[in-house]
Structure formats: structure tokens, C-alpha cells
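Dropping structure.cif in here (mmCIF, N, CA and C atoms):
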data_model
#
loop_
_atom_site.label_atom_id
_atom_site.label_comp_id
_atom_site.auth_asym_id
_atom_site.auth_seq_id
_atom_site.Cartn_x
_atom_site.Cartn_y
_atom_site.Cartn_z
N MET X 173 0.86 -1.18 0.00
CA MET X 173 0.00 0.00 0.00
C MET X 173 0.90 1.24 0.00
N ASN X 174 0.65 2.17 -0.91
CA ASN X 174 1.50 3.36 -1.01
C ASN X 174 0.99 4.48 -0.10
N VAL X 175 1.78 5.52 0.00
CA VAL X 175 1.46 6.65 0.89
C VAL X 175 0.13 7.31 0.49
N TRP X 176 -0.11 7.46 -0.82
CA TRP X 176 -1.36 8.07 -1.29
C TRP X 176 -2.56 7.27 -0.79
N THR X 177 -2.50 5.96 -0.90
CA THR X 177 -3.61 5.11 -0.47
C THR X 177 -3.86 5.26 1.02
N ILE X 178 -2.81 5.24 1.80
CA ILE X 178 -2.94 5.38 3.26
C ILE X 178 -3.52 6.74 3.62
N ALA X 179 -3.00 7.79 2.99
CA ALA X 179 -3.51 9.15 3.26
C ALA X 179 -4.97 9.27 2.85
N HIS X 180 -5.31 8.69 1.72
CA HIS X 180 -6.69 8.77 1.22
C HIS X 180 -7.66 8.06 2.16
N ILE X 181 -7.29 6.88 2.62
CA ILE X 181 -8.15 6.14 3.54
C ILE X 181 -8.28 6.89 4.86
N ALA X 182 -7.18 7.42 5.37
CA ALA X 182 -7.22 8.19 6.63
C ALA X 182 -8.11 9.42 6.47
N ALA X 183 -8.00 10.11 5.34
CA ALA X 183 -8.83 11.30 5.10
C ALA X 183 -10.31 10.92 5.05
N ARG X 184 -10.63 9.82 4.38
CA ARG X 184 -12.02 9.38 4.32
C ARG X 184 -12.55 9.04 5.70
N ILE X 185 -11.74 8.39 6.51
CA ILE X 185 -12.17 8.04 7.87
C ILE X 185 -12.43 9.30 8.68
N LEU X 186 -11.49 10.24 8.65
CA LEU X 186 -11.65 11.48 9.43
C LEU X 186 -12.84 12.31 8.95
N PHE X 187 -12.96 12.50 7.66
CA PHE X 187 -14.02 13.33 7.09
C PHE X 187 -15.38 12.65 7.26
N GLY X 188 -15.47 11.39 6.89
CA GLY X 188 -16.74 10.68 6.97
C GLY X 188 -17.22 10.48 8.39
N ALA X 189 -16.31 10.11 9.30
CA ALA X 189 -16.70 9.86 10.69
C ALA X 189 -17.25 11.12 11.35
N PHE X 190 -16.71 12.27 11.01
CA PHE X 190 -17.23 13.53 11.56
C PHE X 190 -18.72 13.67 11.26
N PHE X 191 -19.12 13.39 10.02
CA PHE X 191 -20.51 13.55 9.63
C PHE X 191 -21.39 12.42 10.16
N VAL X 192 -20.85 11.22 10.25
CA VAL X 192 -21.62 10.11 10.83
C VAL X 192 -21.94 10.43 12.29
N MET X 193 -20.94 10.89 13.03
CA MET X 193 -21.17 11.24 14.45
C MET X 193 -22.16 12.41 14.58
N SER X 194 -22.05 13.39 13.69
CA SER X 194 -23.01 14.50 13.72
C SER X 194 -24.42 14.00 13.43
N GLY X 195 -24.54 13.08 12.49
CA GLY X 195 -25.85 12.51 12.17
C GLY X 195 -26.42 11.74 13.35
N VAL X 196 -25.59 10.97 14.01
CA VAL X 196 -26.03 10.23 15.20
C VAL X 196 -26.53 11.22 16.26
N ASN X 197 -25.83 12.32 16.45
CA ASN X 197 -26.27 13.35 17.41
C ASN X 197 -27.64 13.90 17.06
N HIS X 198 -27.93 14.02 15.77
CA HIS X 198 -29.24 14.54 15.36
C HIS X 198 -30.36 13.60 15.78
N PHE X 199 -30.06 12.31 15.89
CA PHE X 199 -31.07 11.34 16.31
C PHE X 199 -31.10 11.13 17.82
N THR X 200 -29.96 11.25 18.48
CA THR X 200 -29.92 11.03 19.93
C THR X 200 -30.21 12.30 20.72
N ARG X 201 -30.09 13.45 20.09
CA ARG X 201 -30.33 14.73 20.78
C ARG X 201 -31.34 15.57 20.00
N THR X 202 -32.33 14.93 19.41
CA THR X 202 -33.30 15.61 18.55
C THR X 202 -33.99 16.76 19.26
N LYS X 203 -34.45 16.52 20.48
CA LYS X 203 -35.21 17.55 21.20
C LYS X 203 -34.35 18.80 21.43
N GLN X 204 -33.15 18.61 21.94
CA GLN X 204 -32.26 19.75 22.21
C GLN X 204 -31.90 20.49 20.92
N MET X 205 -31.60 19.73 19.89
CA MET X 205 -31.21 20.36 18.62
C MET X 205 -32.39 21.10 17.99
N ALA X 206 -33.58 20.55 18.13
CA ALA X 206 -34.78 21.21 17.58
C ALA X 206 -35.04 22.51 18.32
N GLU X 207 -34.88 22.51 19.63
CA GLU X 207 -35.06 23.74 20.41
C GLU X 207 -34.05 24.80 19.97
N TYR X 208 -32.82 24.39 19.77
CA TYR X 208 -31.78 25.31 19.31
C TYR X 208 -32.12 25.84 17.91
N ALA X 209 -32.56 24.95 17.02
CA ALA X 209 -32.90 25.35 15.65
C ALA X 209 -34.05 26.36 15.64
N ARG X 210 -35.04 26.14 16.50
CA ARG X 210 -36.16 27.08 16.60
C ARG X 210 -35.68 28.44 17.11
N ALA X 211 -34.83 28.41 18.12
CA ALA X 211 -34.38 29.65 18.76
C ALA X 211 -33.42 30.44 17.87
N VAL X 212 -32.46 29.77 17.29
CA VAL X 212 -31.41 30.46 16.55
C VAL X 212 -31.77 30.68 15.10
N GLY X 213 -32.27 29.64 14.46
CA GLY X 213 -32.50 29.72 13.03
C GLY X 213 -33.94 29.93 12.63
N ASN X 214 -34.82 30.02 13.62
CA ASN X 214 -36.24 30.19 13.34
C ASN X 214 -36.69 29.14 12.31
N VAL X 215 -36.32 27.88 12.55
CA VAL X 215 -36.58 26.78 11.63
C VAL X 215 -38.00 26.26 11.85
N PRO X 216 -38.82 26.27 10.80
CA PRO X 216 -40.15 25.69 10.92
C PRO X 216 -40.04 24.16 10.97
N ALA X 217 -40.95 23.50 11.68
CA ALA X 217 -40.93 22.04 11.83
C ALA X 217 -39.52 21.59 12.23
N ALA X 218 -39.02 22.18 13.30
CA ALA X 218 -37.62 21.99 13.69
C ALA X 218 -37.28 20.53 13.98
N SER X 219 -38.14 19.80 14.65
CA SER X 219 -37.84 18.39 14.94
C SER X 219 -37.70 17.59 13.65
N LEU X 220 -38.60 17.82 12.72
CA LEU X 220 -38.54 17.13 11.43
C LEU X 220 -37.27 17.55 10.66
N ALA X 221 -36.93 18.82 10.74
CA ALA X 221 -35.73 19.32 10.07
C ALA X 221 -34.47 18.69 10.66
N VAL X 222 -34.44 18.54 11.98
CA VAL X 222 -33.29 17.92 12.64
C VAL X 222 -33.17 16.46 12.20
N LEU X 223 -34.27 15.75 12.16
CA LEU X 223 -34.24 14.34 11.74
C LEU X 223 -33.85 14.22 10.27
N GLY X 224 -34.41 15.08 9.43
CA GLY X 224 -34.06 15.06 8.00
C GLY X 224 -32.60 15.37 7.76
N SER X 225 -32.09 16.36 8.48
CA SER X 225 -30.67 16.69 8.32
C SER X 225 -29.79 15.58 8.89
N GLY X 226 -30.30 14.88 9.90
CA GLY X 226 -29.57 13.72 10.43
C GLY X 226 -29.41 12.63 9.38
N VAL X 227 -30.45 12.42 8.58
CA VAL X 227 -30.38 11.44 7.48
C VAL X 227 -29.33 11.87 6.46
N LEU X 228 -29.33 13.16 6.10
CA LEU X 228 -28.32 13.66 5.15
C LEU X 228 -26.91 13.44 5.68
N LEU X 229 -26.72 13.75 6.96
CA LEU X 229 -25.39 13.62 7.57
C LEU X 229 -24.94 12.16 7.64
N LEU X 230 -25.83 11.28 8.11
CA LEU X 230 -25.48 9.87 8.22
C LEU X 230 -25.19 9.24 6.85
N ALA X 231 -26.10 9.47 5.92
CA ALA X 231 -25.93 8.87 4.59
C ALA X 231 -24.70 9.44 3.89
N GLY X 232 -24.54 10.76 3.95
CA GLY X 232 -23.38 11.38 3.31
C GLY X 232 -22.07 10.96 3.94
N GLY X 233 -22.03 10.97 5.27
CA GLY X 233 -20.81 10.57 5.97
C GLY X 233 -20.45 9.12 5.72
N ALA X 234 -21.44 8.23 5.74
CA ALA X 234 -21.19 6.81 5.50
C ALA X 234 -20.70 6.57 4.08
N ALA X 235 -21.27 7.30 3.12
CA ALA X 235 -20.85 7.15 1.72
C ALA X 235 -19.38 7.52 1.55
N ILE X 236 -18.96 8.58 2.20
CA ILE X 236 -17.55 9.01 2.13
C ILE X 236 -16.67 8.00 2.86
N LEU X 237 -17.07 7.65 4.06
CA LEU X 237 -16.30 6.73 4.90
C LEU X 237 -16.06 5.40 4.19
N LEU X 238 -17.09 4.86 3.57
CA LEU X 238 -17.00 3.55 2.94
C LEU X 238 -16.56 3.60 1.48
N GLY X 239 -16.64 4.79 0.89
CA GLY X 239 -16.32 4.91 -0.53
C GLY X 239 -17.38 4.29 -1.41
N TYR X 240 -18.61 4.26 -0.93
CA TYR X 240 -19.72 3.71 -1.70
C TYR X 240 -20.59 4.86 -2.18
N HIS X 241 -20.56 5.15 -3.46
CA HIS X 241 -21.23 6.31 -4.06
C HIS X 241 -20.85 7.60 -3.32
N PRO X 242 -19.55 7.87 -3.19
CA PRO X 242 -19.11 9.04 -2.42
C PRO X 242 -19.54 10.37 -3.03
N ARG X 243 -19.70 10.42 -4.34
CA ARG X 243 -20.13 11.68 -4.95
C ARG X 243 -21.55 12.03 -4.52
N ILE X 244 -22.42 11.03 -4.48
CA ILE X 244 -23.78 11.27 -4.01
C ILE X 244 -23.75 11.66 -2.54
N GLY X 245 -22.96 10.95 -1.75
CA GLY X 245 -22.83 11.27 -0.32
C GLY X 245 -22.32 12.68 -0.11
N ALA X 246 -21.32 13.07 -0.89
CA ALA X 246 -20.77 14.43 -0.76
C ALA X 246 -21.81 15.47 -1.16
N LEU X 247 -22.62 15.17 -2.16
CA LEU X 247 -23.68 16.09 -2.55
C LEU X 247 -24.71 16.25 -1.43
N LEU X 248 -25.04 15.14 -0.75
CA LEU X 248 -25.95 15.22 0.40
C LEU X 248 -25.37 16.11 1.50
N LEU X 249 -24.08 15.98 1.74
CA LEU X 249 -23.43 16.82 2.76
C LEU X 249 -23.45 18.29 2.35
N PHE X 250 -23.18 18.56 1.08
CA PHE X 250 -23.23 19.93 0.57
C PHE X 250 -24.63 20.52 0.75
N ILE X 251 -25.64 19.71 0.43
CA ILE X 251 -27.04 20.16 0.57
C ILE X 251 -27.37 20.49 2.02
N PHE X 252 -26.77 19.80 2.96
CA PHE X 252 -26.96 20.12 4.38
C PHE X 252 -26.15 21.35 4.80
N LEU X 253 -24.88 21.38 4.44
CA LEU X 253 -23.94 22.34 5.00
C LEU X 253 -24.23 23.80 4.64
N VAL X 254 -24.55 24.06 3.39
CA VAL X 254 -24.73 25.45 2.97
C VAL X 254 -25.97 26.08 3.63
N PRO X 255 -27.15 25.46 3.55
CA PRO X 255 -28.29 26.07 4.25
C PRO X 255 -28.08 26.15 5.77
N ALA X 256 -27.46 25.13 6.36
CA ALA X 256 -27.21 25.16 7.80
C ALA X 256 -26.31 26.33 8.17
N ALA X 257 -25.31 26.61 7.36
CA ALA X 257 -24.42 27.74 7.63
C ALA X 257 -25.21 29.04 7.68
N PHE X 258 -26.06 29.26 6.69
CA PHE X 258 -26.79 30.52 6.61
C PHE X 258 -27.95 30.61 7.60
N MET X 259 -28.61 29.51 7.87
CA MET X 259 -29.76 29.53 8.78
C MET X 259 -29.35 29.50 10.25
N MET X 260 -28.34 28.70 10.57
CA MET X 260 -28.01 28.45 11.97
C MET X 260 -26.83 29.28 12.48
N HIS X 261 -26.04 29.81 11.60
CA HIS X 261 -24.82 30.52 12.03
C HIS X 261 -24.70 31.89 11.38
N ALA X 262 -25.79 32.62 11.35
CA ALA X 262 -25.82 33.95 10.72
C ALA X 262 -25.12 34.96 11.64
N TYR X 263 -23.82 34.91 11.66
CA TYR X 263 -23.02 35.73 12.57
C TYR X 263 -23.23 37.22 12.36
N TRP X 264 -23.60 37.63 11.17
CA TRP X 264 -23.80 39.04 10.86
C TRP X 264 -25.02 39.62 11.58
N LYS X 265 -25.85 38.75 12.15
CA LYS X 265 -27.03 39.20 12.90
C LYS X 265 -26.78 39.25 14.40
N VAL X 266 -25.60 38.83 14.86
CA VAL X 266 -25.31 38.68 16.28
C VAL X 266 -24.59 39.92 16.80
N ALA X 267 -25.08 40.46 17.91
CA ALA X 267 -24.49 41.66 18.50
C ALA X 267 -23.38 41.34 19.49
N ASP X 268 -23.58 40.33 20.33
CA ASP X 268 -22.60 39.98 21.36
C ASP X 268 -21.30 39.51 20.70
N PRO X 269 -20.16 40.15 21.03
CA PRO X 269 -18.89 39.83 20.37
C PRO X 269 -18.44 38.38 20.55
N MET X 270 -18.65 37.81 21.73
CA MET X 270 -18.24 36.42 21.97
C MET X 270 -19.10 35.45 21.15
N GLN X 271 -20.40 35.68 21.18
CA GLN X 271 -21.30 34.82 20.42
C GLN X 271 -21.05 34.99 18.92
N LYS X 272 -20.79 36.22 18.50
CA LYS X 272 -20.51 36.49 17.09
C LYS X 272 -19.26 35.74 16.64
N ALA X 273 -18.23 35.72 17.48
CA ALA X 273 -17.00 34.99 17.14
C ALA X 273 -17.28 33.50 16.97
N GLY X 274 -18.07 32.94 17.87
CA GLY X 274 -18.42 31.52 17.78
C GLY X 274 -19.22 31.21 16.53
N GLU X 275 -20.21 32.04 16.24
CA GLU X 275 -21.04 31.83 15.04
C GLU X 275 -20.24 32.03 13.76
N THR X 276 -19.31 32.97 13.78
CA THR X 276 -18.45 33.19 12.62
C THR X 276 -17.62 31.93 12.34
N ALA X 277 -17.04 31.38 13.39
CA ALA X 277 -16.24 30.16 13.23
C ALA X 277 -17.10 29.00 12.71
N GLN X 278 -18.29 28.85 13.26
CA GLN X 278 -19.17 27.76 12.82
C GLN X 278 -19.63 27.96 11.37
N PHE X 279 -19.95 29.20 11.01
CA PHE X 279 -20.37 29.51 9.64
C PHE X 279 -19.26 29.11 8.65
N TRP X 280 -18.04 29.58 8.90
CA TRP X 280 -16.95 29.32 7.97
C TRP X 280 -16.49 27.87 8.01
N LYS X 281 -16.68 27.19 9.14
CA LYS X 281 -16.42 25.74 9.19
C LYS X 281 -17.36 25.04 8.23
N ASN X 282 -18.65 25.36 8.30
CA ASN X 282 -19.62 24.74 7.41
C ASN X 282 -19.32 25.04 5.94
N ILE X 283 -18.98 26.28 5.65
CA ILE X 283 -18.68 26.66 4.27
C ILE X 283 -17.43 25.93 3.77
N SER X 284 -16.41 25.82 4.62
CA SER X 284 -15.18 25.10 4.23
C SER X 284 -15.46 23.63 4.00
N LEU X 285 -16.24 23.02 4.89
CA LEU X 285 -16.60 21.61 4.71
C LEU X 285 -17.45 21.42 3.46
N ALA X 286 -18.31 22.39 3.15
CA ALA X 286 -19.10 22.33 1.92
C ALA X 286 -18.17 22.36 0.70
N GLY X 287 -17.13 23.16 0.77
CA GLY X 287 -16.14 23.19 -0.32
C GLY X 287 -15.43 21.86 -0.48
N ALA X 288 -15.08 21.23 0.63
CA ALA X 288 -14.44 19.91 0.57
C ALA X 288 -15.40 18.88 -0.02
N ALA X 289 -16.67 18.95 0.38
CA ALA X 289 -17.67 18.03 -0.17
C ALA X 289 -17.84 18.25 -1.66
N LEU X 290 -17.84 19.49 -2.07
CA LEU X 290 -17.97 19.81 -3.50
C LEU X 290 -16.76 19.30 -4.28
N TYR X 291 -15.59 19.35 -3.67
CA TYR X 291 -14.41 18.78 -4.31
C TYR X 291 -14.61 17.28 -4.56
N ILE X 292 -15.17 16.59 -3.57
CA ILE X 292 -15.40 15.15 -3.72
C ILE X 292 -16.40 14.88 -4.84
N VAL X 293 -17.41 15.72 -4.96
CA VAL X 293 -18.39 15.57 -6.04
C VAL X 293 -17.69 15.57 -7.39
N GLY X 294 -16.70 16.44 -7.55
CA GLY X 294 -15.99 16.56 -8.83
C GLY X 294 -14.66 15.83 -8.88
N ASP X 295 -14.36 15.00 -7.88
CA ASP X 295 -13.07 14.31 -7.81
C ASP X 295 -12.81 13.46 -9.05
N PRO X 296 -11.76 13.78 -9.80
CA PRO X 296 -11.46 13.02 -11.01
C PRO X 296 -10.76 11.69 -10.73
N ASN X 297 -10.40 11.43 -9.48
CA ASN X 297 -9.61 10.25 -9.14
C ASN X 297 -10.45 9.05 -8.72
N TRP X 298 -11.68 8.96 -9.19
CA TRP X 298 -12.50 7.79 -8.90
C TRP X 298 -12.07 6.68 -9.83
N PRO X 299 -11.99 5.44 -9.46
CA PRO X 299 -12.40 4.91 -8.17
C PRO X 299 -11.34 5.13 -7.10
N TRP X 300 -11.81 5.29 -5.89
CA TRP X 300 -10.92 5.50 -4.76
C TRP X 300 -10.28 4.18 -4.35
N PRO X 301 -9.09 4.26 -3.76
CA PRO X 301 -8.46 3.04 -3.26
C PRO X 301 -9.22 2.50 -2.04
N ALA X 302 -9.27 1.18 -1.93
CA ALA X 302 -9.89 0.50 -0.80
C ALA X 302 -11.30 1.00 -0.51
N ALA X 303 -12.09 1.17 -1.56
CA ALA X 303 -13.45 1.67 -1.40
C ALA X 303 -14.45 0.57 -1.71
N LEU X 304 -15.54 0.54 -0.96
CA LEU X 304 -16.60 -0.42 -1.20
C LEU X 304 -17.17 -0.29 -2.60
N GLY X 305 -17.16 0.92 -3.11
CA GLY X 305 -17.68 1.17 -4.45
C GLY X 305 -16.92 0.42 -5.54
N ASN X 306 -15.71 0.00 -5.26
CA ASN X 306 -14.94 -0.76 -6.24
C ASN X 306 -15.46 -2.19 -6.38
N LEU X 307 -16.21 -2.63 -5.39
CA LEU X 307 -16.72 -4.01 -5.40
C LEU X 307 -18.02 -4.15 -6.16
N PHE X 308 -18.73 -3.04 -6.36
CA PHE X 308 -20.06 -3.11 -6.99
C PHE X 308 -20.09 -2.31 -8.26
#

If you convert what's in this file into C-alpha cells, what do you get?
Amino acid sequence: MNVWTIAHIAARILFGAFFVMSGVNHFTRTKQMAEYARAVGNVPAASLAVLGSGVLLLAGGAAILLGYHPRIGALLLFIFLVPAAFMMHAYWKVADPMQKAGETAQFWKNISLAGAALYIVGDPNWPWPAALGNLF
């Protein structure tokens, strides 16, 4: 196994696991997350939105992690990340400097991760090494 393969597998594990764990949180902490979504993002049907976004996170993260239809998975993550950044982390609306700093960091984290997901959508190096997608 060459260095590229090892780095690629490690990157998939780190990137995919982050979203899988976030998706799990959406299902195990639905009530708390829905309350936050209602308060911060004024999200209608917040519980349903939290569960739906949990599906996007789990499916997208698992697709990246396993290398099974990773472009579709990355697109699901992109579909979650961009609206979440603007709805949940609108730092330009926050007056308190400490809260604004936190929301700014979260906004740009989401946007950066969306960029990484978009890169995967257009990745010319498919098939990935050691990916489940190579088997089917």
C-alpha cells in the first residue's frame, strides 16, 4: 500500500466519521437540537428538520467513509452544510462579540466543509483506493 492510499483512507475516515457522528447526534439529541434550531434559526418544523438533516449527515458521511457512491454522499453533505451555515450561524445578525466569534467560526467551518464536499463531487480520481464502491 502506497502513501497516497494510506492518506486517502485516513482522510475518508476522518471526514466521513465527523458527519456520521453528527448525524447520530441529530437522532440522539433531537429535542435539544430542535429547540436550538427554533431559537437560533427560526426553523419551521424543527424536529422534522433535525431528523431530516440527520439522514443527510449519516448517509453522506457513511458514503464518504466507505467509498460507496461518495459523490452522491458528498452532494448530500453539501445540501446540508450550505443552508445550515446561513440559517443556523448567521453571525452578521449577532451583536454579542463572543457569540458572534463563535457563530463566525461555525459559519466558515460549514462553508469550508461544503467546499471539501464539492471537491469530492468533482473528484477526477475515482475509483478510490480501498473503497466499497470498487466491489459493486

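Listed by chain and then by number, the residues chosen by the PyMOL selection byres (((chain X and resi 208 and name CA) around 12) and name CA) in this file are His198, Arg201, Thr202, Lys203, Gln204, Met205, Ala206, Glu207, Ala209, Arg210, Ala211, Val212, Gly213, Asn214, Val215, Pro216, Ala218, Ser219, Ala221, Val222, Met259, Met260 and His261 of chain X.
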
Checklist outcome for this item: Atom pair atom CA of X:Ser284 + atom CA of X:Phe187, distance 12.2 Å

Determine which residues of stretch 218-307 of chain X DSSP labels as alpha helix (DSSP H) from the backbone of this structure, then write them out as a tab-separated table (two decimals) with N, CA and C atoms, keeping the file's coordinate frame.
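Writing done, so here's result-v5.tsv:
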chain	number	residue	atom	x	y	z
X	218	ALA	N	-39.02	22.18	13.30
X	218	ALA	CA	-37.62	21.99	13.69
X	218	ALA	C	-37.28	20.53	13.98
X	219	SER	N	-38.14	19.80	14.65
X	219	SER	CA	-37.84	18.39	14.94
X	219	SER	C	-37.70	17.59	13.65
X	220	LEU	N	-38.60	17.82	12.72
X	220	LEU	CA	-38.54	17.13	11.43
X	220	LEU	C	-37.27	17.55	10.66
X	221	ALA	N	-36.93	18.82	10.74
X	221	ALA	CA	-35.73	19.32	10.07
X	221	ALA	C	-34.47	18.69	10.66
X	222	VAL	N	-34.44	18.54	11.98
X	222	VAL	CA	-33.29	17.92	12.64
X	222	VAL	C	-33.17	16.46	12.20
X	223	LEU	N	-34.27	15.75	12.16
X	223	LEU	CA	-34.24	14.34	11.74
X	223	LEU	C	-33.85	14.22	10.27
X	224	GLY	N	-34.41	15.08	9.43
X	224	GLY	CA	-34.06	15.06	8.00
X	224	GLY	C	-32.60	15.37	7.76
X	225	SER	N	-32.09	16.36	8.48
X	225	SER	CA	-30.67	16.69	8.32
X	225	SER	C	-29.79	15.58	8.89
X	226	GLY	N	-30.30	14.88	9.90
X	226	GLY	CA	-29.57	13.72	10.43
X	226	GLY	C	-29.41	12.63	9.38
X	227	VAL	N	-30.45	12.42	8.58
X	227	VAL	CA	-30.38	11.44	7.48
X	227	VAL	C	-29.33	11.87	6.46
X	228	LEU	N	-29.33	13.16	6.10
X	228	LEU	CA	-28.32	13.66	5.15
X	228	LEU	C	-26.91	13.44	5.68
X	229	LEU	N	-26.72	13.75	6.96
X	229	LEU	CA	-25.39	13.62	7.57
X	229	LEU	C	-24.94	12.16	7.64
X	230	LEU	N	-25.83	11.28	8.11
X	230	LEU	CA	-25.48	9.87	8.22
X	230	LEU	C	-25.19	9.24	6.85
X	231	ALA	N	-26.10	9.47	5.92
X	231	ALA	CA	-25.93	8.87	4.59
X	231	ALA	C	-24.70	9.44	3.89
X	232	GLY	N	-24.54	10.76	3.95
X	232	GLY	CA	-23.38	11.38	3.31
X	232	GLY	C	-22.07	10.96	3.94
X	233	GLY	N	-22.03	10.97	5.27
X	233	GLY	CA	-20.81	10.57	5.97
X	233	GLY	C	-20.45	9.12	5.72
X	234	ALA	N	-21.44	8.23	5.74
X	234	ALA	CA	-21.19	6.81	5.50
X	234	ALA	C	-20.70	6.57	4.08
X	235	ALA	N	-21.27	7.30	3.12
X	235	ALA	CA	-20.85	7.15	1.72
X	235	ALA	C	-19.38	7.52	1.55
X	236	ILE	N	-18.96	8.58	2.20
X	236	ILE	CA	-17.55	9.01	2.13
X	236	ILE	C	-16.67	8.00	2.86
X	237	LEU	N	-17.07	7.65	4.06
X	237	LEU	CA	-16.30	6.73	4.90
X	237	LEU	C	-16.06	5.40	4.19
X	238	LEU	N	-17.09	4.86	3.57
X	238	LEU	CA	-17.00	3.55	2.94
X	238	LEU	C	-16.56	3.60	1.48
X	242	PRO	N	-19.55	7.87	-3.19
X	242	PRO	CA	-19.11	9.04	-2.42
X	242	PRO	C	-19.54	10.37	-3.03
X	243	ARG	N	-19.70	10.42	-4.34
X	243	ARG	CA	-20.13	11.68	-4.95
X	243	ARG	C	-21.55	12.03	-4.52
X	244	ILE	N	-22.42	11.03	-4.48
X	244	ILE	CA	-23.78	11.27	-4.01
X	244	ILE	C	-23.75	11.66	-2.54
X	245	GLY	N	-22.96	10.95	-1.75
X	245	GLY	CA	-22.83	11.27	-0.32
X	245	GLY	C	-22.32	12.68	-0.11
X	246	ALA	N	-21.32	13.07	-0.89
X	246	ALA	CA	-20.77	14.43	-0.76
X	246	ALA	C	-21.81	15.47	-1.16
X	247	LEU	N	-22.62	15.17	-2.16
X	247	LEU	CA	-23.68	16.09	-2.55
X	247	LEU	C	-24.71	16.25	-1.43
X	248	LEU	N	-25.04	15.14	-0.75
X	248	LEU	CA	-25.95	15.22	0.40
X	248	LEU	C	-25.37	16.11	1.50
X	249	LEU	N	-24.08	15.98	1.74
X	249	LEU	CA	-23.43	16.82	2.76
X	249	LEU	C	-23.45	18.29	2.35
X	250	PHE	N	-23.18	18.56	1.08
X	250	PHE	CA	-23.23	19.93	0.57
X	250	PHE	C	-24.63	20.52	0.75
X	251	ILE	N	-25.64	19.71	0.43
X	251	ILE	CA	-27.04	20.16	0.57
X	251	ILE	C	-27.37	20.49	2.02
X	252	PHE	N	-26.77	19.80	2.96
X	252	PHE	CA	-26.96	20.12	4.38
X	252	PHE	C	-26.15	21.35	4.80
X	253	LEU	N	-24.88	21.38	4.44
X	253	LEU	CA	-23.94	22.34	5.00
X	253	LEU	C	-24.23	23.80	4.64
X	254	VAL	N	-24.55	24.06	3.39
X	254	VAL	CA	-24.73	25.45	2.97
X	254	VAL	C	-25.97	26.08	3.63
X	255	PRO	N	-27.15	25.46	3.55
X	255	PRO	CA	-28.29	26.07	4.25
X	255	PRO	C	-28.08	26.15	5.77
X	256	ALA	N	-27.46	25.13	6.36
X	256	ALA	CA	-27.21	25.16	7.80
X	256	ALA	C	-26.31	26.33	8.17
X	257	ALA	N	-25.31	26.61	7.36
X	257	ALA	CA	-24.42	27.74	7.63
X	257	ALA	C	-25.21	29.04	7.68
X	258	PHE	N	-26.06	29.26	6.69
X	258	PHE	CA	-26.79	30.52	6.61
X	258	PHE	C	-27.95	30.61	7.60
X	259	MET	N	-28.61	29.51	7.87
X	259	MET	CA	-29.76	29.53	8.78
X	259	MET	C	-29.35	29.50	10.25
X	260	MET	N	-28.34	28.70	10.57
X	260	MET	CA	-28.01	28.45	11.97
X	260	MET	C	-26.83	29.28	12.48
X	269	PRO	N	-20.16	40.15	21.03
X	269	PRO	CA	-18.89	39.83	20.37
X	269	PRO	C	-18.44	38.38	20.55
X	270	MET	N	-18.65	37.81	21.73
X	270	MET	CA	-18.24	36.42	21.97
X	270	MET	C	-19.10	35.45	21.15
X	271	GLN	N	-20.40	35.68	21.18
X	271	GLN	CA	-21.30	34.82	20.42
X	271	GLN	C	-21.05	34.99	18.92
X	272	LYS	N	-20.79	36.22	18.50
X	272	LYS	CA	-20.51	36.49	17.09
X	272	LYS	C	-19.26	35.74	16.64
X	273	ALA	N	-18.23	35.72	17.48
X	273	ALA	CA	-17.00	34.99	17.14
X	273	ALA	C	-17.28	33.50	16.97
X	274	GLY	N	-18.07	32.94	17.87
X	274	GLY	CA	-18.42	31.52	17.78
X	274	GLY	C	-19.22	31.21	16.53
X	275	GLU	N	-20.21	32.04	16.24
X	275	GLU	CA	-21.04	31.83	15.04
X	275	GLU	C	-20.24	32.03	13.76
X	276	THR	N	-19.31	32.97	13.78
X	276	THR	CA	-18.45	33.19	12.62
X	276	THR	C	-17.62	31.93	12.34
X	277	ALA	N	-17.04	31.38	13.39
X	277	ALA	CA	-16.24	30.16	13.23
X	277	ALA	C	-17.10	29.00	12.71
X	278	GLN	N	-18.29	28.85	13.26
X	278	GLN	CA	-19.17	27.76	12.82
X	278	GLN	C	-19.63	27.96	11.37
X	279	PHE	N	-19.95	29.20	11.01
X	279	PHE	CA	-20.37	29.51	9.64
X	279	PHE	C	-19.26	29.11	8.65
X	280	TRP	N	-18.04	29.58	8.90
X	280	TRP	CA	-16.95	29.32	7.97
X	280	TRP	C	-16.49	27.87	8.01
X	281	LYS	N	-16.68	27.19	9.14
X	281	LYS	CA	-16.42	25.74	9.19
X	281	LYS	C	-17.36	25.04	8.23
X	282	ASN	N	-18.65	25.36	8.30
X	282	ASN	CA	-19.62	24.74	7.41
X	282	ASN	C	-19.32	25.04	5.94
X	283	ILE	N	-18.98	26.28	5.65
X	283	ILE	CA	-18.68	26.66	4.27
X	283	ILE	C	-17.43	25.93	3.77
X	284	SER	N	-16.41	25.82	4.62
X	284	SER	CA	-15.18	25.10	4.23
X	284	SER	C	-15.46	23.63	4.00
X	285	LEU	N	-16.24	23.02	4.89
X	285	LEU	CA	-16.60	21.61	4.71
X	285	LEU	C	-17.45	21.42	3.46
X	286	ALA	N	-18.31	22.39	3.15
X	286	ALA	CA	-19.10	22.33	1.92
X	286	ALA	C	-18.17	22.36	0.70
X	287	GLY	N	-17.13	23.16	0.77
X	287	GLY	CA	-16.14	23.19	-0.32
X	287	GLY	C	-15.43	21.86	-0.48
X	288	ALA	N	-15.08	21.23	0.63
X	288	ALA	CA	-14.44	19.91	0.57
X	288	ALA	C	-15.40	18.88	-0.02
X	289	ALA	N	-16.67	18.95	0.38
X	289	ALA	CA	-17.67	18.03	-0.17
X	289	ALA	C	-17.84	18.25	-1.66
X	290	LEU	N	-17.84	19.49	-2.07
X	290	LEU	CA	-17.97	19.81	-3.50
X	290	LEU	C	-16.76	19.30	-4.28
X	291	TYR	N	-15.59	19.35	-3.67
X	291	TYR	CA	-14.41	18.78	-4.31
X	291	TYR	C	-14.61	17.28	-4.56
X	292	ILE	N	-15.17	16.59	-3.57
X	292	ILE	CA	-15.40	15.15	-3.72
X	292	ILE	C	-16.40	14.88	-4.84
X	293	VAL	N	-17.41	15.72	-4.96
X	293	VAL	CA	-18.39	15.57	-6.04
X	293	VAL	C	-17.69	15.57	-7.39

Next on the checklist: Every residue with an atom at most 12 Å from (-19.9, 9.8, -0.8) (file coordinates; only C-alpha atoms) is what I'm after, so could you write them as JSON, numbers by chain?
Outcome noted: {"X": [184, 185, 187, 188, 189, 191, 192, 228, 229, 230, 231, 232, 233, 234, 235, 236, 237, 238, 239, 240, 241, 242, 243, 244, 245, 246, 247, 248, 249, 250, 288, 289, 290, 291, 292, 293, 294, 295, 298, 299, 300, 303, 304, 305]}

Checklist entry - What is the distance, in Å and to one decimal place, between atom CA of X:Val254 and atom CA of X:Ala217? => result 18.8 Å
